[in-house]
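Here is the structure we will look at.
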Amino acid sequence: MIKRSKGYFLIIGNRCKNIICIWRVPIMVDSILIKANKYIKNSRPYLPEDTICDTFRNNSFMELAFMSKRCPNDACGACIMCDYGVLQGEKSASVYIAEMNKILDKEKGIEYLLICTNGSILNPNQISEETLYKILKAAANTDIPHIIIEAHYNDISEQKLANIKQIMPDKNLTLELGLETVSQYYQDTLIMKHINIANFDKTISMIQNYKFNVDINILLGLPFLSAKEQFDETLKTVEWTLERGCNPVIFPVNIKPYTLLMHMYKNSFYTPVSHWLLILLLDAVEAEQLSKITIAYYGNRTEDYYDMAEQPIFPGCCEVCQAPIEIFYAEFCKEENSIKRKNLLQNILAFKQCDCLSDLKNQINQTAKSNFHERYASYTRFLHKEFDAHI
């Protein structure tokens with residue numbers, strides 16, 4: 001149900017059992033985006049009932065996602081690009097911990113363990129606090145020195161930080177937060193997952209007061225922006241993150257099934273981001289800061305949540321530069337020294353065997369006036385024509 005109230009839309013309720021959503025949305029956002037996103041996600045199948053954890057390993061890094069019921073932001077129609085799957089219910093702490101122990105017994109040489117879920121692991125609507133703290137106690141008993149906990153900033157409190165610190169006093173602790181962009185306007189019109197930049201900034205300070213590190217997830221490739229605008233917006237967000245003593249984690253956009261972004265793509269309102277745009281962005285970061293940068297979801301992982309007729313669409317390039325770019329990514333991720341990372345960037349940017357890089361540079365150098373508003377309005381009109389009769 002959608003009501004208008006004092007300059008906001010109130011989005012009340014959803015079709016997801018056991019989640020109540022009351023969301024104040026600025027009226028500049030056409031509610032058709034929210035409704036269409038929910039409609040598209042409602043066709044998504046559940047994960048198999050025997051799913052417990054989703055894992056990813058890269059060098060000394062291990063991600064362990066404790067899969068659970070639907071993310072509240074997902075249920076409210078937020079996050080146009082996001083889908084990490086959904087179970088019909090949460091598992092018990094004993095089931096999660098048994099699976100974690102089985103996985104970690106097989107994995108050797110882990111230095112960094114990311115603990116997360118298909119949403120925000122600090123949200124009790126997804127993982128109960130009792131279960132969460134049991135999982136963290138089990139992780140505290142491992143010999144893995146660095147523990148990363150991924151969460152939505154709205155789910156972080158002084159009490160939770162104090163509890164985590166008490167449970168894991170001997171670990172090097174990091175909170176990983178999804179920001180995507182530092183632009184409040186793009187937050188409100190595109191991301192739509194209840195992020196207020198000023199409050200986000202305060203949360204960073206609160207986390208750092210507890211001596212946690214802070215990783216910030218940042219998107220490259222926002223829809224309805226030109227290549228130059230995508231580049232500038234991401235670089236601005238990276239610099240904002242570094243200024244606050246946080247570590248940027250840059251995600252070039254993946255186009256996932258059962259998302260509004262996939263609908264944009266299918267209907268020619270979105271083009272996959274180029275691998276070269278990420279490489280140019282990394283090269284624009286001050287050289288001494290490169291050791292603080294992490295890159296993720298650059299085509300190095302897929303998520304087979306279910307048997308899908310469609311697969312995610314990764315950043316693009318041609319067949320000629322695909323292999324050299326993959327080699328660059330592997331070497332960049334393995335290397336921790338800023339100077340050596342800069343040398344890797346200089347080497348890949350010297351690649352001249354195709355026109356992908358030069359074509360992208362030409363796009364970036366174009367000085368045409370931004371038409372974000374026109375593209376955004378055109379897409380919302382398209383959504384009204386397609387979905388008004390169904391939602």
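Chain lettering (A, B, ...) mirrors the order of the structure tokens, residue numbering begins at 1 for each chain separately, and ligand numbering begins at 1 in order of display.
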
Q: Write out as a list in words which residues come within 8 Å of segment 126-137 of chain A when counting only C-alpha atoms, dropping same-chain ones fewer than 4 positions away.
A: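 The filter keeps Ser68, Lys69, Arg70, Cys71, Glu90, Ser92, Ala93, Tyr96, Ile97, Gly119, Ser120, Ile121, Leu122, Asn141, Ile164, Ile167 and Met168 of chain A.
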
Those same residues - N, CA, C and O atoms - I'd like them written as a PDB file, in the first residue's frame.
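Output file selection_4.pdb is given in full below:
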```pdb
ATOM      1  N   SER A  68      19.578 -17.106   4.589  1.00  0.00           N
ATOM      2  CA  SER A  68      18.401 -17.013   5.428  1.00  0.00           C
ATOM      3  C   SER A  68      17.224 -16.474   4.620  1.00  0.00           C
ATOM      4  O   SER A  68      17.273 -16.437   3.394  1.00  0.00           O
ATOM      5  N   LYS A  69      16.198 -16.046   5.340  1.00  0.00           N
ATOM      6  CA  LYS A  69      14.988 -15.576   4.679  1.00  0.00           C
ATOM      7  C   LYS A  69      15.217 -14.229   4.008  1.00  0.00           C
ATOM      8  O   LYS A  69      16.331 -13.717   4.002  1.00  0.00           O
ATOM      9  N   ARG A  70      14.162 -13.656   3.514  1.00  0.00           N
ATOM     10  CA  ARG A  70      14.271 -12.513   2.621  1.00  0.00           C
ATOM     11  C   ARG A  70      14.787 -11.262   3.327  1.00  0.00           C
ATOM     12  O   ARG A  70      14.345 -10.900   4.415  1.00  0.00           O
ATOM     13  N   CYS A  71      15.734 -10.592   2.679  1.00  0.00           N
ATOM     14  CA  CYS A  71      16.252  -9.322   3.153  1.00  0.00           C
ATOM     15  C   CYS A  71      15.120  -8.294   3.189  1.00  0.00           C
ATOM     16  O   CYS A  71      14.377  -8.146   2.211  1.00  0.00           O
ATOM     17  N   GLU A  90      15.008 -19.158   8.354  1.00  0.00           N
ATOM     18  CA  GLU A  90      16.332 -19.157   8.967  1.00  0.00           C
ATOM     19  C   GLU A  90      16.646 -20.543   9.518  1.00  0.00           C
ATOM     20  O   GLU A  90      15.766 -21.250  10.005  1.00  0.00           O
ATOM     21  N   SER A  92      18.845 -23.064  12.253  1.00  0.00           N
ATOM     22  CA  SER A  92      19.227 -22.970  13.659  1.00  0.00           C
ATOM     23  C   SER A  92      20.714 -22.685  13.772  1.00  0.00           C
ATOM     24  O   SER A  92      21.504 -22.949  12.855  1.00  0.00           O
ATOM     25  N   ALA A  93      21.113 -22.161  14.923  1.00  0.00           N
ATOM     26  CA  ALA A  93      22.526 -21.872  15.162  1.00  0.00           C
ATOM     27  C   ALA A  93      23.373 -23.133  15.030  1.00  0.00           C
ATOM     28  O   ALA A  93      24.471 -23.108  14.460  1.00  0.00           O
ATOM     29  N   TYR A  96      23.946 -23.942  11.305  1.00  0.00           N
ATOM     30  CA  TYR A  96      24.899 -23.009  10.696  1.00  0.00           C
ATOM     31  C   TYR A  96      26.329 -23.302  11.164  1.00  0.00           C
ATOM     32  O   TYR A  96      27.262 -23.353  10.355  1.00  0.00           O
ATOM     33  N   ILE A  97      26.511 -23.504  12.459  1.00  0.00           N
ATOM     34  CA  ILE A  97      27.857 -23.682  12.994  1.00  0.00           C
ATOM     35  C   ILE A  97      28.465 -25.006  12.538  1.00  0.00           C
ATOM     36  O   ILE A  97      29.662 -25.076  12.214  1.00  0.00           O
ATOM     37  N   GLY A 119      21.854 -10.399   2.757  1.00  0.00           N
ATOM     38  CA  GLY A 119      21.302  -9.130   3.204  1.00  0.00           C
ATOM     39  C   GLY A 119      22.231  -8.553   4.251  1.00  0.00           C
ATOM     40  O   GLY A 119      23.419  -8.388   4.009  1.00  0.00           O
ATOM     41  N   SER A 120      21.707  -8.260   5.430  1.00  0.00           N
ATOM     42  CA  SER A 120      22.497  -7.703   6.529  1.00  0.00           C
ATOM     43  C   SER A 120      22.480  -8.665   7.708  1.00  0.00           C
ATOM     44  O   SER A 120      21.426  -8.927   8.289  1.00  0.00           O
ATOM     45  N   ILE A 121      23.647  -9.177   8.076  1.00  0.00           N
ATOM     46  CA  ILE A 121      23.687 -10.206   9.110  1.00  0.00           C
ATOM     47  C   ILE A 121      23.410  -9.634  10.510  1.00  0.00           C
ATOM     48  O   ILE A 121      23.119 -10.373  11.440  1.00  0.00           O
ATOM     49  N   LEU A 122      23.464  -8.319  10.672  1.00  0.00           N
ATOM     50  CA  LEU A 122      23.121  -7.708  11.955  1.00  0.00           C
ATOM     51  C   LEU A 122      21.643  -7.349  12.055  1.00  0.00           C
ATOM     52  O   LEU A 122      21.211  -6.778  13.063  1.00  0.00           O
ATOM     53  N   ASN A 141      36.728 -18.797  17.986  1.00  0.00           N
ATOM     54  CA  ASN A 141      37.523 -19.949  18.404  1.00  0.00           C
ATOM     55  C   ASN A 141      38.415 -20.498  17.295  1.00  0.00           C
ATOM     56  O   ASN A 141      39.162 -21.450  17.532  1.00  0.00           O
ATOM     57  N   ILE A 164      30.046  -7.508  20.037  1.00  0.00           N
ATOM     58  CA  ILE A 164      30.974  -8.153  19.095  1.00  0.00           C
ATOM     59  C   ILE A 164      32.397  -8.051  19.622  1.00  0.00           C
ATOM     60  O   ILE A 164      33.173  -9.019  19.577  1.00  0.00           O
ATOM     61  N   ILE A 167      32.883 -10.553  22.356  1.00  0.00           N
ATOM     62  CA  ILE A 167      32.931 -11.929  21.874  1.00  0.00           C
ATOM     63  C   ILE A 167      34.260 -12.231  21.189  1.00  0.00           C
ATOM     64  O   ILE A 167      34.791 -13.346  21.306  1.00  0.00           O
ATOM     65  N   MET A 168      34.839 -11.236  20.494  1.00  0.00           N
ATOM     66  CA  MET A 168      36.033 -11.472  19.681  1.00  0.00           C
ATOM     67  C   MET A 168      37.141 -10.498  20.070  1.00  0.00           C
ATOM     68  O   MET A 168      37.622  -9.729  19.229  1.00  0.00           O
TER      69      MET A 168
END
```

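Using only C-alpha atoms, the shortest contact distance between Ser370 of chain A and any of A:Leu220, A:Leu225, A:Ala140, A:Cys76 is found at A:Leu225.
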
(Q) When you count only C-alpha atoms, which of these residues is closest to Glu335 of chain A: A:Lys369, A:Ser291, A:Ile191, A:Ser358? (A)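 That would be A:Ser291, the residue with the smallest distance to Glu335 of chain A.
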
(Q) Here is a test: counting only C-alpha atoms, which residue of A:Ile80, A:Ile197, A:Ile218, A:Met67 is nearest to Lys41 of chain A? (A)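 Among the listed residues, A:Ile80 lies closest to Lys41 of chain A.
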
Q: Using DSSP on the backbone coordinates, identify the residues of segment 130-360 of chain A assigned to strand (DSSP E); present them as a PyMOL selection string.
A: chain A and resi 146-151+172-180+213-220+247-252+294-295

Q: Tell me which protein, DNA and RNA residues are within 12 Å of Ser378 of chain A, counting only C-alpha atoms, leaving out same-chain ones fewer than 6 positions away, and put them as an NGL selection string.
A: :A and (30 or 224 or 264 or 267-269 or 371-372 or 384-385)

Q: Work out how far atom CA of Gly316 of chain A is from atom CA of Asn347 of chain A, in Å to one decimal.
A: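 Taking atom CA of Asn347 of chain A as the start and atom CA of Gly316 of chain A as the end point, the length is 19.6 Å.
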
Q) Taking only C-alpha atoms into account, which of A:Ile144, A:Asn101, A:Ile293, A:Cys82 comes nearest Asn118 of chain A? A) A:Cys82

Q: From the DSSP assignment of the backbone, select every residue of segment 27-230 of chain A that is helix (DSSP H, G or I), and format the answer as a ChimeraX atom specification.
A: /A:31-41,72-75,93-106,129-140,153-155,158-167,184-191,197-209,227-230

Exercise: Ile52 of chain A partners within 12 Å, only C-alpha atoms, chain neighbours under 2 positions left out, as a PDB file with C-alpha atoms, in the first residue's frame:
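That gives us selection31.pdb:
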```
ATOM      1  CA  LEU A  47      16.782 -21.432  -2.748  1.00  0.00           C
ATOM      2  CA  PRO A  48      16.735 -25.206  -2.213  1.00  0.00           C
ATOM      3  CA  GLU A  49      15.685 -26.012   1.352  1.00  0.00           C
ATOM      4  CA  ASP A  50      18.970 -27.795   2.085  1.00  0.00           C
ATOM      5  CA  ASP A  54      27.265 -19.886   0.301  1.00  0.00           C
ATOM      6  CA  THR A  55      31.057 -19.648   0.066  1.00  0.00           C
ATOM      7  CA  LEU A  64      30.956 -17.394   4.401  1.00  0.00           C
ATOM      8  CA  ALA A  65      27.338 -16.365   3.842  1.00  0.00           C
ATOM      9  CA  PHE A  66      24.773 -17.868   6.206  1.00  0.00           C
ATOM     10  CA  MET A  67      21.742 -17.989   3.948  1.00  0.00           C
ATOM     11  CA  SER A  68      18.401 -17.013   5.428  1.00  0.00           C
ATOM     12  CA  LYS A  69      14.988 -15.576   4.679  1.00  0.00           C
ATOM     13  CA  GLY A  85      18.905 -15.357  -3.144  1.00  0.00           C
ATOM     14  CA  VAL A  86      16.320 -16.123  -0.480  1.00  0.00           C
ATOM     15  CA  LEU A  87      15.423 -19.083   1.726  1.00  0.00           C
ATOM     16  CA  GLN A  88      11.975 -19.740   3.138  1.00  0.00           C
ATOM     17  CA  GLY A  89      13.340 -19.547   6.678  1.00  0.00           C
ATOM     18  CA  GLU A  90      16.332 -19.157   8.967  1.00  0.00           C
ATOM     19  CA  LYS A  91      18.349 -22.201  10.052  1.00  0.00           C
ATOM     20  CA  SER A  92      19.227 -22.970  13.659  1.00  0.00           C
ATOM     21  CA  ALA A  93      22.526 -21.872  15.162  1.00  0.00           C
ATOM     22  CA  SER A  94      23.656 -25.486  15.472  1.00  0.00           C
ATOM     23  CA  VAL A  95      23.035 -26.148  11.763  1.00  0.00           C
ATOM     24  CA  TYR A  96      24.899 -23.009  10.696  1.00  0.00           C
ATOM     25  CA  ILE A  97      27.857 -23.682  12.994  1.00  0.00           C
ATOM     26  CA  ALA A  98      28.151 -27.339  11.971  1.00  0.00           C
ATOM     27  CA  GLU A  99      28.257 -26.263   8.318  1.00  0.00           C
ATOM     28  CA  MET A 100      30.791 -23.512   9.058  1.00  0.00           C
ATOM     29  CA  LYS A 102      32.828 -28.466   8.056  1.00  0.00           C
ATOM     30  CA  ILE A 103      33.775 -25.799   5.506  1.00  0.00           C
ATOM     31  CA  THR A 117      24.125 -13.354   4.830  1.00  0.00           C
ATOM     32  CA  ASN A 118      21.855 -12.650   1.875  1.00  0.00           C
ATOM     33  CA  TYR A 305      21.397 -20.042  -6.219  1.00  0.00           C
TER      34      TYR A 305
END
```

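Picture a line from atom CA of Pro248 of chain A to atom CA of Lys292 of chain A; it runs 6.9 Å.
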
For Lys211 of chain A: contacts at 10 Å, only C-alpha atoms, fewer than 5 positions along chain excluded, given as a compact mmCIF listing (two decimals) with N, CA, C and O atoms, in the first residue's frame:
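Written out: part-v8.txt:
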```
# COMPACT_ATOMS: atom_id res chain seq x y z
N LEU A 161 28.06 -3.34 18.71
CA LEU A 161 29.51 -3.22 18.57
C LEU A 161 30.21 -3.68 19.84
O LEU A 161 31.22 -4.39 19.79
N LYS A 165 32.75 -6.88 20.13
CA LYS A 165 34.10 -6.68 20.66
C LYS A 165 34.36 -7.62 21.84
O LYS A 165 35.45 -8.17 21.99
N ASN A 172 41.26 -9.10 14.75
CA ASN A 172 41.27 -7.82 14.03
C ASN A 172 39.92 -7.70 13.33
O ASN A 172 39.63 -8.46 12.40
N LEU A 173 39.08 -6.77 13.77
CA LEU A 173 37.68 -6.73 13.36
C LEU A 173 37.41 -5.63 12.34
O LEU A 173 37.91 -4.50 12.47
N THR A 174 36.58 -5.97 11.35
CA THR A 174 36.17 -5.02 10.31
C THR A 174 34.67 -5.10 10.14
O THR A 174 34.09 -6.19 10.12
N SER A 205 32.04 6.85 12.20
CA SER A 205 32.76 7.34 13.38
C SER A 205 32.48 6.47 14.60
O SER A 205 33.40 6.16 15.39
N MET A 206 31.23 6.05 14.77
CA MET A 206 30.88 5.19 15.90
C MET A 206 31.63 3.86 15.83
O MET A 206 32.17 3.39 16.83
```

Q: Could you tell me which of A:Ala36, A:Leu357, A:Leu278, A:Ile149 comes closest to Cys318 of chain A if we count only C-alpha atoms?
A: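 Distance minimum relative to Cys318 of chain A lands on A:Leu357.
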
Q: Give the answer as one residue: which of A:Leu345, A:Leu113, A:Ile207, A:Val182 has the shortest atom-to-atom distance to Gln159 of chain A, using only C-alpha atoms?
A: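 The closest residue to Gln159 of chain A is A:Ile207.
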
**Q.** Computed interatomic separation between atom CA of Phe314 of chain A and atom CA of Asn337 of chain A (Å)
**A.**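 One can read the atom CA of Phe314 of chain A to atom CA of Asn337 of chain A distance as 27.2 Å.
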
Q) Can you tell me, as number ranges by chain, what residues are no more than 9 Å from Leu281 of chain A when counting only C-alpha atoms, ignoring any on the same chain fewer than 2 positions away? A) A: 231-232, 234-235, 276-279, 283-285

Q: For Glu111 of chain A, list every protein, DNA or RNA residue within 10 Å, evaluated using only C-alpha atoms, and leave out those in the same chain fewer than 5 positions away; present the list as a PyMOL selection string.
A: chain A and resi 59-62+143-147
